[in-house]
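Take a look at the structure set out below.
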Amino acid sequence: MSNKINLIIISLLTAFCPIVSAPANGAGMKQSYTLKEGVNLSSQIKAENTIYKVNSNFNLKGAELVVPKNCVLMFDGGSIENGTICFTNTELCGYPQIDCKLKGSIPQADITWFGARRDDQLADVGAVINRVQAITQHITIPAGVFYQTAEPIRIEGNKHVDWIGTIVCVSNKKQFDAFTVSSGVVTLDMKGSLECKSKNINFSNVGKTDINGLVIENIKNSKLNIGNITGFNTGLKIFGYGGGCAYNTFWLAAIRNCNIGLLITQRDKDGKRGWANENTFIGGRFGSNTSWLKDDREIHAVVAKGIYKDDSYNKVNSLYFLRPCAEGEYVPFVFHNAAIISVIDCRTEGGVVGAKLSGNTNRVLLTNSYGTSFSNLDLSELNRKQKWPIFRQLTNKNITPEN
């Protein structure tokens, strides 16, 4: 009877706790050792290629623990806190609970292992993610709601991010990028959500706040699955400078209740203008709740805005949008100093003007399968004397070239 009860308890724990299985290479370890409570960890964790079982709570009292090469820390109800841990290709399994400064490297990390707490509006998930991203190439944001109260999240380098849960930004800053992915080849699998509920955000078109949701900068040759983004001044920002942001594929879910849903832009840095080009965007539902719209808000689904000089090509160029959906009483697409733009099989609802083209924008192909016709465009600020004057517009079955 007791064996059956034990099996039931184990089954329940497996179902509801994020237990991580022991690594496959655990079988090749030299030995397994259960850490003794009340004994200094540095005196116990000394051998390489060893599985250390953490069954008790350990306080490092400000000291640094160096884990030897290729070890496993197997947590079974225990924790380590109040100090620094230096990992050396260390694998974690069981239900890790670590509240320490972090050094070294581990193969993968769940943010709840290192202090991220679900449904805690006082716990800053930004601080946890920033610590974790420095020690691993594979980050998991598990199911649940996590609050970002202070630190902007910034992930740099070649990373794989599994984003399942929801991050809610409640920072009181007026200039803020909630989540930035920068400089590398990234696999971002965002099945979850990013929401802004900051009390300081201001949506009026006077530049009072600039709170951005997800920022992608200087990423190349990457595949990014973008989930739901809600309530920011700019929902998704593609930002090129220096090396540029190019040759990426974005799968978009829904970006709603933002001044600008998707912004593709660049900036000067050290006299060099970064590229934002050769990016493909698949899907994407852009829109706003009727109660959210106000007359003083400038709302756009997509804005591509480049810096242009007479002696140079447009560096915001070669952008492809496949089957986006834009809903609401606003101009959905704005292209300024952008080139080689294709919007294919777009669905637009509610607006009067299909798109606005300005500056040295050129070589644009627009098609829509439903809703506002792209035959009604705002070209009042378009430069007709540019180097590349060709503009082509396709609306349903009608082709109209313009110079």
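Chain identifiers are assigned as A, B, and so on, following the order in which chains appear in the structure tokens; residues are numbered from 1 within each chain, and ligands are numbered from 1 in order of appearance.
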
Give me, as a PyMOL selection string, all polymer residues having an atom no more than 9 Å from Lys53 in chain A, counting only C-alpha atoms and skipping those fewer than 6 positions away in the same chain.
chain A and resi 32-35+72-76+78

Give me the residues within 10 Å of Glu48 in chain A as a list in words, counting only C-alpha atoms and dropping any in the same chain fewer than 5 places off.
Met29, Lys30, Gln31, Val67, Pro68, Lys69, Asn70, Cys71, Val72 and Thr88 of chain A

What would the file look like if the residues just selected were written as a PDB file, in the first residue's frame with N, CA and C atoms?
ATOM      1  N   MET A  29      29.306   9.430 -15.063  1.00  0.00           N
ATOM      2  CA  MET A  29      29.947  10.081 -13.945  1.00  0.00           C
ATOM      3  C   MET A  29      30.684   9.063 -13.071  1.00  0.00           C
ATOM      4  N   LYS A  30      31.738   9.539 -12.431  1.00  0.00           N
ATOM      5  CA  LYS A  30      32.542   8.657 -11.588  1.00  0.00           C
ATOM      6  C   LYS A  30      31.781   8.234 -10.340  1.00  0.00           C
ATOM      7  N   GLN A  31      31.022   9.171  -9.761  1.00  0.00           N
ATOM      8  CA  GLN A  31      30.378   8.874  -8.498  1.00  0.00           C
ATOM      9  C   GLN A  31      29.217   9.809  -8.264  1.00  0.00           C
ATOM     10  N   VAL A  67      32.289  25.168  -8.992  1.00  0.00           N
ATOM     11  CA  VAL A  67      31.906  23.788  -9.302  1.00  0.00           C
ATOM     12  C   VAL A  67      32.910  23.226 -10.306  1.00  0.00           C
ATOM     13  N   PRO A  68      33.545  22.095 -10.017  1.00  0.00           N
ATOM     14  CA  PRO A  68      34.534  21.509 -10.946  1.00  0.00           C
ATOM     15  C   PRO A  68      33.904  21.150 -12.292  1.00  0.00           C
ATOM     16  N   LYS A  69      34.742  20.779 -13.234  1.00  0.00           N
ATOM     17  CA  LYS A  69      34.307  20.513 -14.608  1.00  0.00           C
ATOM     18  C   LYS A  69      33.335  19.347 -14.702  1.00  0.00           C
ATOM     19  N   ASN A  70      32.355  19.533 -15.577  1.00  0.00           N
ATOM     20  CA  ASN A  70      31.461  18.457 -16.005  1.00  0.00           C
ATOM     21  C   ASN A  70      30.759  17.756 -14.850  1.00  0.00           C
ATOM     22  N   CYS A  71      30.269  18.552 -13.906  1.00  0.00           N
ATOM     23  CA  CYS A  71      29.504  17.995 -12.797  1.00  0.00           C
ATOM     24  C   CYS A  71      28.015  18.226 -13.002  1.00  0.00           C
ATOM     25  N   VAL A  72      27.225  17.511 -12.215  1.00  0.00           N
ATOM     26  CA  VAL A  72      25.775  17.672 -12.209  1.00  0.00           C
ATOM     27  C   VAL A  72      25.349  18.049 -10.797  1.00  0.00           C
ATOM     28  N   THR A  88      31.144  25.361 -14.276  1.00  0.00           N
ATOM     29  CA  THR A  88      32.110  24.963 -15.308  1.00  0.00           C
ATOM     30  C   THR A  88      31.468  23.872 -16.148  1.00  0.00           C
TER      31      THR A  88
END

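Using only C-alpha atoms, the protein and nucleic acid residues lying no more than 8 Å from Val352 in chain A, apart from those fewer than 3 places from it along its own chain, are Glu329, Tyr330, Val331, Thr372 and Asn376 of chain A.
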
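The alpha helix (DSSP H) portion of range 45-220 of chain A consists of Val125, Gly126, Ala127, Val128, Ile129, Asn130, Arg131, Val132 and Gln133 of chain A, with states taken from DSSP on the backbone.
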
Let's see if you can do this: from backbone DSSP, list all strand (DSSP E or B) residues in range 185-389 of chain A, as a PyMOL selection string.
chain A and resi 187-190+193-196+210-220+223-226+228-230+234-240+245-246+249-256+260-266+268-269+272-273+276-287+300-305+316-322+325-327+333-336+339-349+355-359+362-371+377-382

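With only C-alpha atoms as the atoms that count, the residue of A:Thr90, A:Gln266, A:Asn225, A:Thr230 with the shortest distance to Thr166 in chain A is A:Thr230.
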
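Nearest residue to Gly354 in chain A among A:Lys315, A:Arg384, A:Lys61, A:His300 is A:His300, counting only C-alpha atoms.
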
Residues within 9 Å of Glu278 in chain A, please, as a PyMOL selection string. Count only C-alpha atoms; anything in the same chain fewer than 2 positions from it doesn't count.
chain A and resi 245-249+276+280+316-320

Tell me, in Å to one decimal, how far CA of Phe321 in chain A is from CA of Leu365 in chain A.
10.3 Å

Kindly indicate which residue among A:Cys325, A:Val181, A:Ile341, A:Ile164 lies nearest to Asn130 in chain A, using only C-alpha atoms for the distances.
A:Val181

Spatial neighbours of range 335-338 of chain A, max dist 10 Å, only C-alpha atoms, sep filter under 2 positions, as a ChimeraX atom specification
/A:264-265,276-277,302-309,313-319,333,340-341,355-364,381-383

Only C-alpha atoms, please: the residues just picked out, written as a tab-separated table (two decimals), in the first residue's frame.
chain	number	residue	atom	x	y	z
A	264	ILE	CA	11.81	49.10	-38.97
A	265	THR	CA	14.46	51.78	-38.69
A	276	ALA	CA	17.83	47.13	-41.94
A	277	ASN	CA	17.21	45.03	-45.00
A	302	VAL	CA	3.87	49.05	-39.98
A	303	VAL	CA	6.37	51.88	-40.32
A	304	ALA	CA	9.64	51.49	-42.28
A	305	LYS	CA	11.73	54.62	-41.84
A	306	GLY	CA	15.25	55.10	-43.17
A	307	ILE	CA	17.95	57.76	-43.26
A	308	TYR	CA	18.69	58.86	-46.82
A	309	LYS	CA	21.54	60.82	-48.39
A	313	TYR	CA	21.20	53.81	-51.44
A	314	ASN	CA	18.26	53.42	-49.09
A	315	LYS	CA	19.55	51.25	-46.27
A	316	VAL	CA	16.06	50.32	-45.12
A	317	ASN	CA	15.18	48.11	-48.06
A	318	SER	CA	14.15	44.71	-49.38
A	319	LEU	CA	11.37	44.13	-46.86
A	333	PHE	CA	1.47	51.26	-43.72
A	340	ILE	CA	12.08	47.56	-52.54
A	341	ILE	CA	9.03	46.94	-50.37
A	355	ALA	CA	-0.58	53.46	-47.23
A	356	LYS	CA	1.54	56.59	-47.03
A	357	LEU	CA	4.79	56.90	-49.00
A	358	SER	CA	7.18	59.76	-48.37
A	359	GLY	CA	10.74	60.94	-48.86
A	360	ASN	CA	12.81	58.84	-51.24
A	361	THR	CA	10.68	55.74	-50.98
A	362	ASN	CA	10.75	53.74	-54.23
A	363	ARG	CA	10.09	50.37	-55.84
A	364	VAL	CA	7.00	49.42	-53.84
A	381	GLU	CA	5.30	63.90	-49.33
A	382	LEU	CA	6.92	61.59	-51.89
A	383	ASN	CA	10.01	62.89	-53.68

Given only C-alpha atoms as the basis, pick out the residue of A:Ile153, A:Leu236, A:Leu263, A:Val353 nearest to Asp124 in chain A.
A:Ile153

Excluding same-chain residues fewer than 6 positions from range 139-152 of chain A, what lies within 9 Å of it counting only C-alpha atoms, as JSON, numbers by chain?
{"A": [18, 108, 109, 110, 111, 112, 116, 117, 118, 119, 120, 121, 122, 123, 124, 125, 126, 127, 129, 130, 132, 133, 159, 160, 161, 162, 163, 164, 165, 166, 167, 168, 169, 170, 171, 172, 173, 176, 177, 178, 179, 180, 192]}
